[in-house]
2 protein chains.
Amino acid sequence: MSDARPTGLTYKDAGVDIDAGERLVDRIKPLAASTRTPHVLGGVGGFAGLCALPSDIEDPILVSGTDGVGTKLKVAFLADRHDTVGIDLVAMCVNDVLTIGAQPLFFLDYFATGKLDVDRGAAVVAGIAEGCRQSGCALLGGETAELPGFYADGEYDLAGFAVGVVGRGAILDGSAVREGDVLLGLTSSGLHSNGYSLARRALLEHAGLALDATPEGLDEPLVDAMLRPTRIYARAVKAALAAGGVRALCHVTGGGIPGNLPRVLPAGLGAHIAHDWPEPPIFALIRSAGDVAESEMRRTFNLGIGLVIVAAPESSEALRAALEAEGEQVFELGRVVASAAEGEARVTYAADEAR
Amino acid sequence: MSDARPTGLTYKDAGVDIDAGERLVDRIKPLAASTRTPHVLGGVGGFAGLCALPSDIEDPILVSGTDGVGTKLKVAFLADRHDTVGIDLVAMCVNDVLTIGAQPLFFLDYFATGKLDVDRGAAVVAGIAEGCRQSGCALLGGETAELPGFYADGEYDLAGFAVGVVGRGAILDGSAVREGDVLLGLTSSGLHSNGYSLARRALLEHAGLALDATPEGLDEPLVDAMLRPTRIYARAVKAALAAGGVRALCHVTGGGIPGNLPRVLPAGLGAHIAHDWPEPPIFALIRSAGDVAESEMRRTFNLGIGLVIVAAPESSEALRAALEAEGEQVFELGRVVASAAEGEARVTYAADEAR
């Protein structure tokens, strides 16, 4: 045969471009290296990543969580902006791990797409590396999966996995929470990575807003508000734990405060939200665009509070001062109260009683 | 309003069914419980999973890997059979972790779909739990992501994440490999989870074979051969390490023996494959259906050997006996040789010289 193309079928014919994968690996290497911590062994490569434990943790317990970015990715696709969703990915996993009182150690990512675009993949991983640096954890490994026919052109999915470590005696499991404990809220940066199916439906479909327009009530284009990266609370949690008095930590993720705070409250206790806090304006926009009921807003979005610290009353002022010294804005939300309710009903709002 | 449907937009309207997610969580709980090991702390729930370290490992080093199942999932979709791809998912991650000499500790999964089908999700997780039991590791957590508009109806993607532990002095990093070492191969169960884009193209498109038919050369329907779960080598590796003489372990994953064995060979060494072994018949079918060149077959598929043990010559017979006592079929593939070549060329085949 004089035809330059071989007659036999090859792996590349079947839609998998190994060379593109290798070019991406070359782009990832310096990104991963930028996240390296003293605990990491060896270079990137081999069949698995290796990480030692910090030597100062007594009876170390591993803490692990996995998450994705959800349909926030659809906004990244629409805007063709891929360098921040990796921060969201790390944040969603690491903020969960932090709630146990653990120190993040390492992170791995799974990036799946139909046809690998090396620049887009590198932008995604650059965001992941940024999230790892913000968390103080190493990007220990990852998988790039080219899956022809799984994803629409230009789209992809992301999954992340974080591992941290905590001394057995320092585990926060909610059992230390007492009636009268103070609920301190740390601000979110906006939507974080939850409720995007509802947010997109309300803003882009019902209200027909354009991503690059600046709607009334926002002081920036909608796309900037919708793609703002999820805050990572690693430094704040470290400062809070050092200050003392932390009884529990709650990541306000899917389900909002009513869906998450009960996860760290012992049976017979609830939370009473007595105060308001300044809400990022994107939430009011969603509320009005979708005519969304307040109860639905609360159980879908963080509404401006990304992490709740349950604090011993006698420690709460010192804790607040330590967090503010770290640059955090802290709002006292309310108190832990006795409650005979179940599930979301364990969280009550003073605002409802006033109506 | 007397309309039973609220006027405002809800999260469920936006395509996310929280109740279905909760029904799936109820189905997952007993599956995860069935994988529980003495190292796991607490129940499933909370923000993250907790796992202690075995107490008998000196200077413990964590070993972690992530992978997916790739386009083998497309065969599961076509066949509407979802209870074994979870085994593949665990296998792909755990077999990587084993190559470092590590003992698997725990696993987390990410399951993403467009519209959550509780039965299908439960079947997938049942497979994951089976894989965890075969690996001796706990299913410590997972994420079910319902992403409207990301996946075709009835389709999904899976990512997995495994963590194991090894004593610092017992790490296998290839540096112990010497010229003359013996290459022992452990059989694969068939395709495992690599090369499915090529396999599907050759078998289902080029040859037009039906999944439920039994093609000449196979003694079972094509679908059974294509969905056979990836073998998990946890018990075999444990037996091999106990027997002694293991210099390196190579998981024959994407890239085949030429793509993977060089990853554990020091510079200046290569591998000479001197002997044949019985190849599962699915490979001959692919070779002829796609007219696939032998070099392409070798760099895409495992061709019947799923794990290569690089053994000290003086230990190889005892090692083989220990593996056979564990029920493994062991084939001597060849030897480690001096090599000035780079990359895949470091692996040579006696069969090529004979031509």
# chains A, B, ... in the order shown; residues from 1 in each chain; ligands from 1
$ residues_around --residues "A:Phe161" --least-positions-apart "4" --cutoff "12 Å" --atoms "only C-alpha atoms" --output "PyMOL selection string"
(chain A and resi 63-69+89-97+104-111+128+132+137-143) or (chain B and resi 48-49+64-67+107-110+140-143+159-163)
$ write_last_selection --atoms "C-alpha atoms" --output "compact mmCIF listing (two decimals), in the first residue's frame"
# COMPACT_ATOMS: atom_id res chain seq x y z
CA VAL A 63 -10.14 12.37 56.78
CA SER A 64 -11.34 12.20 53.21
CA GLY A 65 -14.02 13.75 51.04
CA THR A 66 -14.99 13.86 47.37
CA ASP A 67 -17.07 16.34 45.43
CA GLY A 68 -17.59 17.96 42.06
CA VAL A 69 -18.37 21.47 40.89
CA LEU A 89 -13.36 21.85 42.96
CA VAL A 90 -10.67 21.96 45.63
CA ALA A 91 -12.79 24.21 47.85
CA MET A 92 -15.79 21.88 47.84
CA CYS A 93 -13.65 18.94 48.97
CA VAL A 94 -11.27 20.72 51.33
CA ASN A 95 -13.97 22.70 53.15
CA ASP A 96 -15.67 19.37 53.95
CA VAL A 97 -12.42 17.89 55.28
CA PRO A 104 -5.53 19.15 54.40
CA LEU A 105 -2.67 16.98 53.14
CA PHE A 106 -3.24 16.23 49.48
CA PHE A 107 -5.69 16.39 46.61
CA LEU A 108 -6.31 14.41 43.43
CA ASP A 109 -8.46 15.41 40.48
CA TYR A 110 -10.39 13.58 37.76
CA PHE A 111 -10.94 15.59 34.57
CA ILE A 128 -6.90 23.23 40.80
CA CYS A 132 -4.38 23.48 46.45
CA CYS A 137 -2.32 20.74 50.27
CA ALA A 138 -0.36 19.05 47.51
CA LEU A 139 -1.81 18.13 44.12
CA LEU A 140 -0.62 14.54 44.42
CA GLY A 141 -2.10 13.10 41.25
CA GLY A 142 -4.93 13.16 38.80
CA GLU A 143 -6.56 11.46 35.86
CA ALA B 48 -16.14 13.48 55.41
CA GLY B 49 -15.05 9.89 56.03
CA SER B 64 -3.07 7.42 46.51
CA GLY B 65 -4.42 7.03 42.99
CA THR B 66 -7.43 8.05 40.95
CA ASP B 67 -8.94 6.62 37.78
CA PHE B 107 -11.94 4.18 48.55
CA LEU B 108 -14.27 7.02 47.54
CA ASP B 109 -16.37 7.23 44.40
CA TYR B 110 -17.83 10.03 42.28
CA LEU B 140 -15.41 5.56 53.00
CA GLY B 141 -17.53 8.03 51.07
CA GLY B 142 -18.78 9.16 47.72
CA GLU B 143 -20.56 11.83 45.77
CA ALA B 159 -14.35 8.40 39.05
CA GLY B 160 -12.66 6.58 41.89
CA PHE B 161 -10.05 7.40 44.46
CA ALA B 162 -8.06 4.92 46.53
CA VAL B 163 -5.76 5.46 49.47
$ residues_around --residues "A:Lys74" --least-positions-apart "4" --cutoff "10 Å" --atoms "only C-alpha atoms" --output "list of chain:residue names"
A:Val69, A:Gly70, A:Leu78, A:Ala79, A:Asp80, A:Glu155, A:Tyr156, A:Asp157, A:Tyr196, A:Ser197, A:Arg200, B:Leu147, B:Pro148, B:Gly149, B:Phe150
$ residues_around --residues "A:Leu211" --least-positions-apart "6" --cutoff "12 Å" --atoms "only C-alpha atoms" --output "VMD selection string"
chain A and resid 74 to 81 200 203 to 205 220 to 227
$ atom_distance --atom1 "atom CA of B:Arg36" --atom2 "atom CA of B:Leu307"
26.6 Å
$ residues_around --residues "A:Leu333" --least-positions-apart "4" --cutoff "8 Å" --atoms "only C-alpha atoms" --output "list in words"
Val182, Leu183, Leu184, Gly185, Ile273, Ala274, His275, Asp276 and Trp277 of chain A
$ write_last_selection --atoms "N, CA, C and O atoms" --output "compact mmCIF listing (two decimals), in the first residue's frame"
# COMPACT_ATOMS: atom_id res chain seq x y z
N VAL A 182 -22.46 29.59 70.67
CA VAL A 182 -22.62 30.72 69.74
C VAL A 182 -22.33 30.27 68.31
O VAL A 182 -21.37 29.53 68.07
N LEU A 183 -23.17 30.71 67.37
CA LEU A 183 -22.97 30.40 65.96
C LEU A 183 -22.30 31.59 65.28
O LEU A 183 -22.89 32.67 65.17
N LEU A 184 -21.04 31.39 64.88
CA LEU A 184 -20.32 32.44 64.17
C LEU A 184 -20.26 32.08 62.69
O LEU A 184 -19.90 30.95 62.33
N GLY A 185 -20.62 33.04 61.85
CA GLY A 185 -20.62 32.79 60.41
C GLY A 185 -19.46 33.48 59.72
O GLY A 185 -19.19 34.65 59.99
N ILE A 273 -31.43 31.15 64.36
CA ILE A 273 -30.74 32.22 63.63
C ILE A 273 -31.45 33.52 64.02
O ILE A 273 -32.57 33.78 63.57
N ALA A 274 -30.77 34.32 64.86
CA ALA A 274 -31.40 35.50 65.45
C ALA A 274 -31.08 36.78 64.69
O ALA A 274 -31.79 37.78 64.81
N HIS A 275 -29.99 36.76 63.94
CA HIS A 275 -29.51 38.00 63.33
C HIS A 275 -29.42 37.87 61.81
O HIS A 275 -29.31 36.76 61.29
N ASP A 276 -29.43 39.03 61.16
CA ASP A 276 -29.19 39.07 59.72
C ASP A 276 -27.71 39.34 59.46
O ASP A 276 -26.97 39.70 60.37
N TRP A 277 -27.32 39.17 58.25
CA TRP A 277 -25.96 39.53 57.81
C TRP A 277 -26.10 40.07 56.40
O TRP A 277 -27.11 39.82 55.73
$ select_by_dssp --residues "stretch 44-263 of chain B" --states "alpha helix (DSSP H)" --output "number ranges by chain"
B: 72-79, 85-98, 118-135, 196-200, 222-227, 234-243, 256-260
$ atom_distance --atom1 "atom CA of A:Ala33" --atom2 "atom CA of B:Arg299"
28.6 Å
$ residues_around --residues "A:Val40" --least-positions-apart "4" --cutoff "7 Å" --atoms "only C-alpha atoms" --output "compact mmCIF listing (two decimals) with N, CA and C atoms, in the first residue's frame"
# COMPACT_ATOMS: atom_id res chain seq x y z
N ARG A 36 3.63 21.51 45.82
CA ARG A 36 4.38 20.51 46.59
C ARG A 36 4.55 20.94 48.05
N LEU A 50 2.64 9.63 46.54
CA LEU A 50 3.06 9.26 47.90
C LEU A 50 3.17 10.49 48.79
N CYS A 51 2.67 10.37 50.01
CA CYS A 51 2.67 11.49 50.93
C CYS A 51 2.88 10.99 52.36
N ALA A 52 3.82 11.58 53.05
CA ALA A 52 4.06 11.25 54.47
C ALA A 52 3.08 12.01 55.34
$ closest_residue --among "B:Leu285, B:Ala248, B:Met297, B:Ala102" --to "B:Glu216" --atoms "only C-alpha atoms"
B:Leu285
$ select_by_dssp --residues "stretch 94-228 of chain A" --states "strand (DSSP E or B)" --output "ChimeraX atom specification"
/A:103-113,138-146,156-167,182-187
$ closest_residue --among "B:Leu209, B:Ala176, B:Val336, B:Leu24" --to "B:Val125" --atoms "only C-alpha atoms"
B:Leu24
$ decode --residues "stretch 274-299 of chain B" --atoms "C-alpha atoms" --output "JSON list (two decimals), in the first residue's frame"
[["chain", "number", "residue", "atom", "x", "y", "z"],
["B", 274, "ALA", "CA", 10.93, -14.15, 25.76],
["B", 275, "HIS", "CA", 7.86, -16.31, 26.17],
["B", 276, "ASP", "CA", 4.25, -16.44, 25.09],
["B", 277, "TRP", "CA", 1.27, -16.96, 27.33],
["B", 278, "PRO", "CA", -2.30, -17.99, 26.58],
["B", 279, "GLU", "CA", -4.18, -14.91, 25.41],
["B", 280, "PRO", "CA", -7.91, -14.55, 26.22],
["B", 281, "PRO", "CA", -9.76, -15.02, 22.90],
["B", 282, "ILE", "CA", -11.29, -11.50, 22.91],
["B", 283, "PHE", "CA", -7.91, -10.10, 21.84],
["B", 284, "ALA", "CA", -7.65, -12.26, 18.71],
["B", 285, "LEU", "CA", -11.18, -11.19, 17.84],
["B", 286, "ILE", "CA", -10.24, -7.49, 18.11],
["B", 287, "ARG", "CA", -6.98, -8.04, 16.20],
["B", 288, "SER", "CA", -8.78, -9.57, 13.23],
["B", 289, "ALA", "CA", -11.95, -7.43, 13.36],
["B", 290, "GLY", "CA", -9.94, -4.18, 13.27],
["B", 291, "ASP", "CA", -6.89, -5.46, 11.36],
["B", 292, "VAL", "CA", -4.96, -3.99, 14.28],
["B", 293, "ALA", "CA", -1.15, -4.08, 14.04],
["B", 294, "GLU", "CA", 0.61, -6.14, 16.73],
["B", 295, "SER", "CA", 2.48, -3.08, 18.04],
["B", 296, "GLU", "CA", -0.84, -1.27, 18.44],
["B", 297, "MET", "CA", -2.36, -4.28, 20.21],
["B", 298, "ARG", "CA", 0.57, -4.38, 22.66],
["B", 299, "ARG", "CA", 0.47, -0.65, 23.48]]
